[in-house]
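> Dumping the structure here so I can ask a few things about it.
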Amino acid sequence: MSKYKDVVVTLSKKHPETGEPVQAGHTYVIGVLGNKKKWYEVESQAMNGISEEEMKKELFKLLHPQTHH
C-alpha cells in the first residue's frame, strides 16, 4: 500500500506538461507516485514555511485520493 513518504517531490519553474514558464513569484510542486503524476502551483515565498513532508502529504492526497464506501 502506498504511503505519502513514497511520493517523489520535484520543484519546477515550468509547467510539467506544457513546459511554459510559471508566473512570476510562483513554483510548481510536482509529485510522482508510481506511474501517477500530479502537481500544484504555490507562491514561491510561501514555500519557505512548508516542509518537504508537508508537500509530500499534500501531493499524496492528489495522487492517491481516499475513496469513501
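For the C-alpha cells, the naming scheme is as follows: chains receive sequential letters (A, B, ...) according to their order of presentation, residues are indexed from 1 within each chain, and ligands are indexed from 1 in presentation order.
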Give the strand (DSSP E) residues of chain A, as assigned by DSSP on the backbone, as JSON, numbers by chain.

{"A": [8, 9, 10, 11, 12, 26, 27, 28, 29, 30, 31, 32, 33, 36, 37, 38, 39, 40, 41, 42, 43]}

> Compile the contact shell of A:Val42 as a VMD selection string: residues with an atom at most 8 Å away, counting only C-alpha atoms, same-chain residues fewer than 5 positions apart removed.

chain A and resid 26 to 29 47

> Using only C-alpha atoms, which protein or nucleic acid residues come within 12 Å of A:Lys61? Drop anything in the same chain fewer than 5 positions from it, and give the result as an MDAnalysis selection string.

chainID A and resid 2:5 7 31:33 37:40 54:56 66:67

> Please, could you write that set of residues out with C-alpha atoms as a PDB file, in the first residue's frame?


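File produced: part_36.pdb:
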ATOM      1  CA  SER A   2       1.287   3.421  -0.910  1.00  0.00           C
ATOM      2  CA  LYS A   3       2.233   5.942   1.742  1.00  0.00           C
ATOM      3  CA  TYR A   4       2.832   9.666   1.436  1.00  0.00           C
ATOM      4  CA  LYS A   5       6.535   9.052   2.104  1.00  0.00           C
ATOM      5  CA  VAL A   7       5.935  10.416  -3.166  1.00  0.00           C
ATOM      6  CA  GLY A  31       4.726  14.740  -7.135  1.00  0.00           C
ATOM      7  CA  VAL A  32       5.246  11.313  -8.634  1.00  0.00           C
ATOM      8  CA  LEU A  33       3.876   8.130  -7.099  1.00  0.00           C
ATOM      9  CA  LYS A  37       1.999  12.440 -11.630  1.00  0.00           C
ATOM     10  CA  LYS A  38       0.186  15.420 -10.088  1.00  0.00           C
ATOM     11  CA  TRP A  39       1.176  18.959  -9.269  1.00  0.00           C
ATOM     12  CA  TYR A  40       0.027  22.203  -7.788  1.00  0.00           C
ATOM     13  CA  GLU A  54       4.016  18.649   4.174  1.00  0.00           C
ATOM     14  CA  MET A  55       4.443  18.838   0.393  1.00  0.00           C
ATOM     15  CA  LYS A  56       4.507  15.037   0.196  1.00  0.00           C
ATOM     16  CA  GLN A  66      -9.191   8.149  -0.470  1.00  0.00           C
ATOM     17  CA  THR A  67     -12.444   6.561  -1.553  1.00  0.00           C
TER      18      THR A  67
END

> Taking the chain letters and numbering used in this document, name the residues of chain A that DSSP puts in alpha helix (DSSP H), as a list in words.

Glu52, Glu53, Glu54, Met55, Lys56, Lys57, Glu58, Leu59, Phe60, Lys61, Leu62 and Leu63 of chain A

> Take the residues from that selection and put them in a file with C-alpha atoms, as a compact mmCIF listing (two decimals), in the first residue's frame.


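This is the output file again.txt:
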# COMPACT_ATOMS: atom_id res chain seq x y z
CA GLU A 52 9.11 18.61 2.27
CA GLU A 53 7.00 16.27 4.39
CA GLU A 54 4.02 18.65 4.17
CA MET A 55 4.44 18.84 0.39
CA LYS A 56 4.51 15.04 0.20
CA LYS A 57 1.31 14.78 2.25
CA GLU A 58 -0.49 17.31 0.05
CA LEU A 59 0.66 15.62 -3.17
CA PHE A 60 -0.28 12.21 -1.78
CA LYS A 61 -3.87 13.44 -1.35
CA LEU A 62 -3.89 14.36 -5.05
CA LEU A 63 -2.14 11.20 -6.23

> In Å, how far is it from atom CA of A:Asn35 to atom CA of A:Asn48?

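If I compute the distance from atom CA of A:Asn35 to atom CA of A:Asn48, I get 28.6 Å.
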
> Considering only C-alpha atoms, state which residue in the set A:Lys36, A:Gly49, A:Glu43, A:His64 is at the smallest distance from A:Ala24.

A:Glu43
